[in-house]
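Below you'll find the structure, written out as structure tokens, and then a few comments.
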Amino acid sequence: MNKGELFVSKHNGLNTDIVHMQMRLPRILKLKKIVEQIRLGFGQGHGEHYQPWMKIRRKNSTSKSNQVVAWMQPLGRVAHYFSRGEYKTALMILWLGVEDLREQYPLWPIVHPHPLKGAEGAESMNLPWVCGLLDIASEAVIDHGVEVGTDIPYTATIDLLATLRTRTGLKLIGISCKPYSSSDAPIRPRSLERLELEKRYFESIGEKYWVANSALVSNQMAGQLEIWMESSVLNGATDLYLHSFRFAAFLEEHPRLSIAEAVVQAAEVNGIDEADAWQLFRYCAWFQLFDIDPTKPLLTSHPIPRGGRALRAKLRAAIFGEDAR
Amino acid sequence: MRIFDGMILKDICEESPLKGLHRVIQVFRDDDEVVLIEIPSAGRVSGAGIKSYYARGFFTVSLAELSRWGDGKLINEAMLVTPSLWNLSDNEIRELYPPRGDKEDSSPLLARDRKWGLVEAMLPQHEFIEAGQYKQLQKFAETRAKEAKVSKVQVLDALHRYFAFGCIENALLPNSSACGAPDKRRFARNGIKLGRRNAAARVGNTALAGKILVEEDISKLQDGWSLYVRPGTSVNEAFFAMSSAFFRTGFYMKNGAWVAELLPANERPTEREFRYHGPNGLAEEAAIRRLMGEGEWLKNCRELTGSAKSGVHAFGQLGSIDASPIDVNLVTCFDRMRPIGVGRGVFVTDVLTELILGWHIAIGGIGTDDANMAILNAALDKTSMLERYGLQDLDSDNFPRAFFSKILSDNGELRSIKGLDYVVQKLGGKIEFIATGRPDLNSPSESGHHVRHRRFDHHLEGTNKGRQRKRGEVLAITKALLSLFGYERLLIQWIHWYNTKQEVRHLLTVEMRRDNVKPTRISIYRWLKKNGYVAGLKRDATHLKSKLLPTFTASIKRNGLILHRPKTGDAVELLHGALFSDSYLATSGLIRAALNGGKKHIEVRADPEDLSCVYLFDAKGMHVIPNVSDDLILVQEGSVVDLGGMNDSDRQDKVATASERDQGEAEMRSIRVEAVAEAKRSKRAAMAQGQTTSSVKRDRSSVRENQQQEKRAQLDAAVSRATNSVDANVALPAVSAEIVQDPAVAIPRIADQAMGDLMRQKLKGFHQGRNA
């Protein structure tokens, strides 16, 4: 029987004719398409030249999560996050300070170059080729999986791949963002297998792997970081950069002033207008030029809530490890 | 590591000398001694392979050593999460586990009190006790056990639990209180029916007690539930469908149809059992959810955790965009009798203040261009727009503007290459697409639509009230009255009221109330701006226009640019009302190039609702090319849709009046042909009569001479008319066609006859008047 023909059985006295129907075929990612994506540079590159393996398009909406397409100022490019949890985690990782953060990074099924290959600062590193996820899955006796409707091995992706500059050179951290707020949350067996494969992949290349849960970055913190990140690049107002350290020092020296008062006075001291002062405030907050905690509600009639630097150090130590610079 | 009373310690590696969780009971710094007790945890298995919750006794460790273990990362401080039941009051526990049978109180409380009774008398009455006293307590246990006539282990267990869990009485509640809880699924076994007995069973008629449901039966109930419980189907109906499918003996024919023959009622489950087991023992909502359908349930019945404003701290940080019909039938601007249907609007709302910042109303389907227009509108100053609509009285400052840091959108208009490319890639914004089928996640827009419809749209003439026509109601489109321009003018005024006048006390925070902020959205916005709660991206208006205005193709003509009608495929349909011209077109060489065979079509950007100008972007920047059309109303009020409508209308009229028009053309042609033929005949006749001589020149050189003769002849005729006329102003009577055919011959005769007739008529009137 050809595709598009629906055969209705003779049994039960039903119609026996072959009914020609326009059946909707599933959208299949063909090898040609994969090759085209690789040729276009999907899942390759670093920094602003990186392109994620999967992008948000007209046809790939989901009922499971909100998807975010965002211009990320610290990365200097558009990033595609397939859940709000991924976006929030990315905001936090960028705030903690990383060299690069690549989303939807492919863990290729076959032998491939090391994910750090081509990164700035990795020229002198002796980076071996990495064995494919197919081999890792076979070793772990876990089904690797294929692209829907084909026998082409599935190209798994890690939600976020951070590149970090440490004392010993560049390091990677694979981050998987999952919507589990507690260890008791029910997880599908296949998801666990996927996580295991990711973990083994990063073990095989000697890099860290971390499963981020949605409870780590609160809406409060994400909202605050989102506003600060907008001002993390002083495009069109580069002269403000010259005032940043003096501005931040004023805020540090006057911890009892309310934020609104402090900003207005700091603006006067620096000879800048109020709108620019608020932009500078956010710029300094993003880089923690003065100590401010993004997890606490920010009321401008109150003094600056301190504790951001300690939080950042703690999170860096917990996520990146001890040797993170 | 600093060690303190009540601290919980946890081992973090295999080398750790403390295994599991421990509580610091008391620190005796002077004696360099710490009293610890192990905290029993569920995972511990006794030697007999049974889970053990027994708390082992007190022991002491050197304070210095314990600190060293902490510093050496062998142990770490931990947090103990106690069972939630322990936090409840006695009454709450009693409500959860009511007394059963002839027991005087709830079972867990009785068990707790019994244990408490064992240890209460042993506990020290003051806080300051010595380290050795804890071990003494264990020695007292034997005596106490004898007094209470229980085993020593029971007393020690109660004592240790009490201390291990931080000296709270509820720690003595039994672990088994969660066993056999209401959530636990049970199946009938050993032929014993579970649940309440029915009326027949109560009076001893066990044959009618009902079916004993085994696991398979419950599966059938659940399958039946998933198969038949659907939106629009009652549970009762689904129950019969399920019974017919799973609990029948066969079929029989009735009235020509096969009907299922159900098992006797006592051999199949009841509807009550179907309702209970069907939704898989889940919460009550499962049934409602299934009956309503997932989408409807999520929209109207889902428990709302958090709010759309969660994590939004500033104006301009998050905008919400969505499209919805305006629910008002409109007419064209050039003909109030010509309806154009219900328009659709895209609105951009600030999530924090609920201010409406941008909007765009379109006729027909809405696309990415319309969404981009609304985003652009939100970011632009409204002064010129207010002028265009004749609303200069409204202060443009009351229409705040922002290019949002992030836009919350459904998966509609903005989810396209154009939307992502312009808003994110080129303008550096962010878009968050909400999950499909979850409009509740974009609540600012959805509730905004509701408010706008209820308070504005549904009060306008021609509204369909957002629903199907009811019986007896006049079709809404027949009452259409407003043009798009007229609707938008009213909409702007309503938005002004919404932004500046409507009281929104629920949006005021205590911080705002302290500053006596008026409860209007605009006042809240101004306060937020003053106090630094403002985000959003700074973008130049020209830059925004160059990216967000929709693109139109225009033909380059000698007199300017004429827009093409959009979405006509390869066909070019010119919109003649839209003629845009400016000196730049000539000086830039665009027109010259087009006339010399170069590019004849050009891309321009324009607001389809505003025909006053188009924007031409080239290497030299942005050029505003004004509309030079003489039709002022069209320029002021018209839109691209109107121009398209005019073209359509003209085309229709052309078809409708084809007969009349063709007839007129044919008439003119016939008259012309006949006149020429008659003139030729006359000329031939004249020539035949010898009226022409060989001396008359027939070439071009004689034209001037002939003209002189003609002028003289006309002058003679005029003189002749003047001398014969009584009244110089009297008009000549109509001249019949046959007389006109040879003017040279006919004119004197006509004049004579006509003037003579006129004179006679006038004199006749004069004599009649005189005689009278």
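Note on naming: chains are A, B, ... as they come in the structure tokens, residues start from 1 per chain, ligands start from 1 in the order shown.
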
Output as a Markdown table one row per residue of chain B within 7 Å of chain A: the closest atom pair and its distance in Å to one decimal place, counting only C-alpha atoms, sorted by chain and residue number ascending.
| residue | atom | partner | partner_atom | distance |
| --- | --- | --- | --- | --- |
| B:Ser310 | CA | A:Asn219 | CA | 6.2 |
| B:Gly311 | CA | A:Gln220 | CA | 4.4 |
| B:Val312 | CA | A:Gly223 | CA | 5.7 |
| B:His313 | CA | A:Gly223 | CA | 6.8 |
| B:Gln317 | CA | A:Ile227 | CA | 6.9 |
| B:Arg415 | CA | A:Arg58 | CA | 5.3 |
| B:Ser416 | CA | A:Arg58 | CA | 5.2 |
| B:Val424 | CA | A:Trp71 | CA | 5.9 |
| B:Gln425 | CA | A:Val78 | CA | 6.2 |
| B:Gly428 | CA | A:Trp71 | CA | 5.1 |
| B:Gly429 | CA | A:Trp71 | CA | 5.8 |
| B:Lys430 | CA | A:Ala70 | CA | 4.1 |
| B:Ile431 | CA | A:Val69 | CA | 5.3 |
| B:Glu432 | CA | A:Val68 | CA | 4.3 |
| B:Phe433 | CA | A:Gln67 | CA | 5.0 |
| B:Ile434 | CA | A:Asn66 | CA | 4.4 |
| B:Ala435 | CA | A:Ser63 | CA | 4.5 |
| B:Thr436 | CA | A:Ser63 | CA | 4.5 |
| B:Gly437 | CA | A:Ser63 | CA | 6.5 |
| B:Asn531 | CA | A:Ala260 | CA | 6.0 |
| B:Gly532 | CA | A:Trp278 | CA | 6.3 |
| B:Ala535 | CA | A:Ile227 | CA | 6.4 |

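All residues in range 44-178 of chain A with a DSSP state of helix (DSSP H, G or I), computed from the backbone, read Gly47, Glu48, His49, Arg84, Gly85, Glu86, Tyr87, Lys88, Thr89, Ala90, Leu91, Met92, Ile93, Leu94, Trp95, Leu96, Leu133, Leu134, Asp135, Ile136, Ala137, Ser138 and Glu139 of chain A.
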
Range 640-651 of chain B environment, 12 Å, only C-alpha atoms, sequence neighbours closer than 4 positions dropped, as a PyMOL selection string: chain B and resi 330-341+343+361-365+483-485+550+552+562-568+573-579+606-614+631+633-636+655-658

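CA of Asn398 in chain B is found 9.6 Å from CA of Trp497 in chain B.
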
Long-range neighbours of Ile158 in chain A as a PyMOL selection string, 7 Å cut-off, only C-alpha atoms, 2 positions minimum in chain: chain A and resi 104-107+156+160-161+174-176

Could I get the residues of range 163-273 of chain A with an atom no further than 9 Å from an atom of range 117-127 of chain A, each paired with its nearest atom pair and that distance in Å to one decimal, using only C-alpha atoms, sorted by chain and residue number, as JSON lines?
{"residue": "A:Thr163", "atom": "CA", "partner": "A:Ala119", "partner_atom": "CA", "distance": 9.0}
{"residue": "A:Arg165", "atom": "CA", "partner": "A:Gly121", "partner_atom": "CA", "distance": 9.0}
{"residue": "A:Gly169", "atom": "CA", "partner": "A:Gly121", "partner_atom": "CA", "distance": 7.9}
{"residue": "A:Leu170", "atom": "CA", "partner": "A:Ala122", "partner_atom": "CA", "distance": 6.8}

Produce a file of the selected residues containing N, CA and C atoms, as a PDB file, in the first residue's frame.
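Below you can see result-v4.pdb, which holds the result:
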ATOM      1  N   THR A 163      31.525  28.234  28.937  1.00  0.00           N
ATOM      2  CA  THR A 163      32.994  28.209  28.842  1.00  0.00           C
ATOM      3  C   THR A 163      33.526  29.152  29.905  1.00  0.00           C
ATOM      4  N   ARG A 165      36.883  30.670  32.179  1.00  0.00           N
ATOM      5  CA  ARG A 165      38.346  30.840  32.232  1.00  0.00           C
ATOM      6  C   ARG A 165      38.799  30.585  33.668  1.00  0.00           C
ATOM      7  N   GLY A 169      43.301  27.391  32.717  1.00  0.00           N
ATOM      8  CA  GLY A 169      42.911  27.547  31.320  1.00  0.00           C
ATOM      9  C   GLY A 169      41.404  27.495  31.148  1.00  0.00           C
ATOM     10  N   LEU A 170      40.986  27.223  29.938  1.00  0.00           N
ATOM     11  CA  LEU A 170      39.537  27.208  29.674  1.00  0.00           C
ATOM     12  C   LEU A 170      38.929  25.891  30.130  1.00  0.00           C
TER      13      LEU A 170
END

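Of note, CA of Leu441 in chain B and CA of Lys88 in chain A are spaced 17.0 Å apart.
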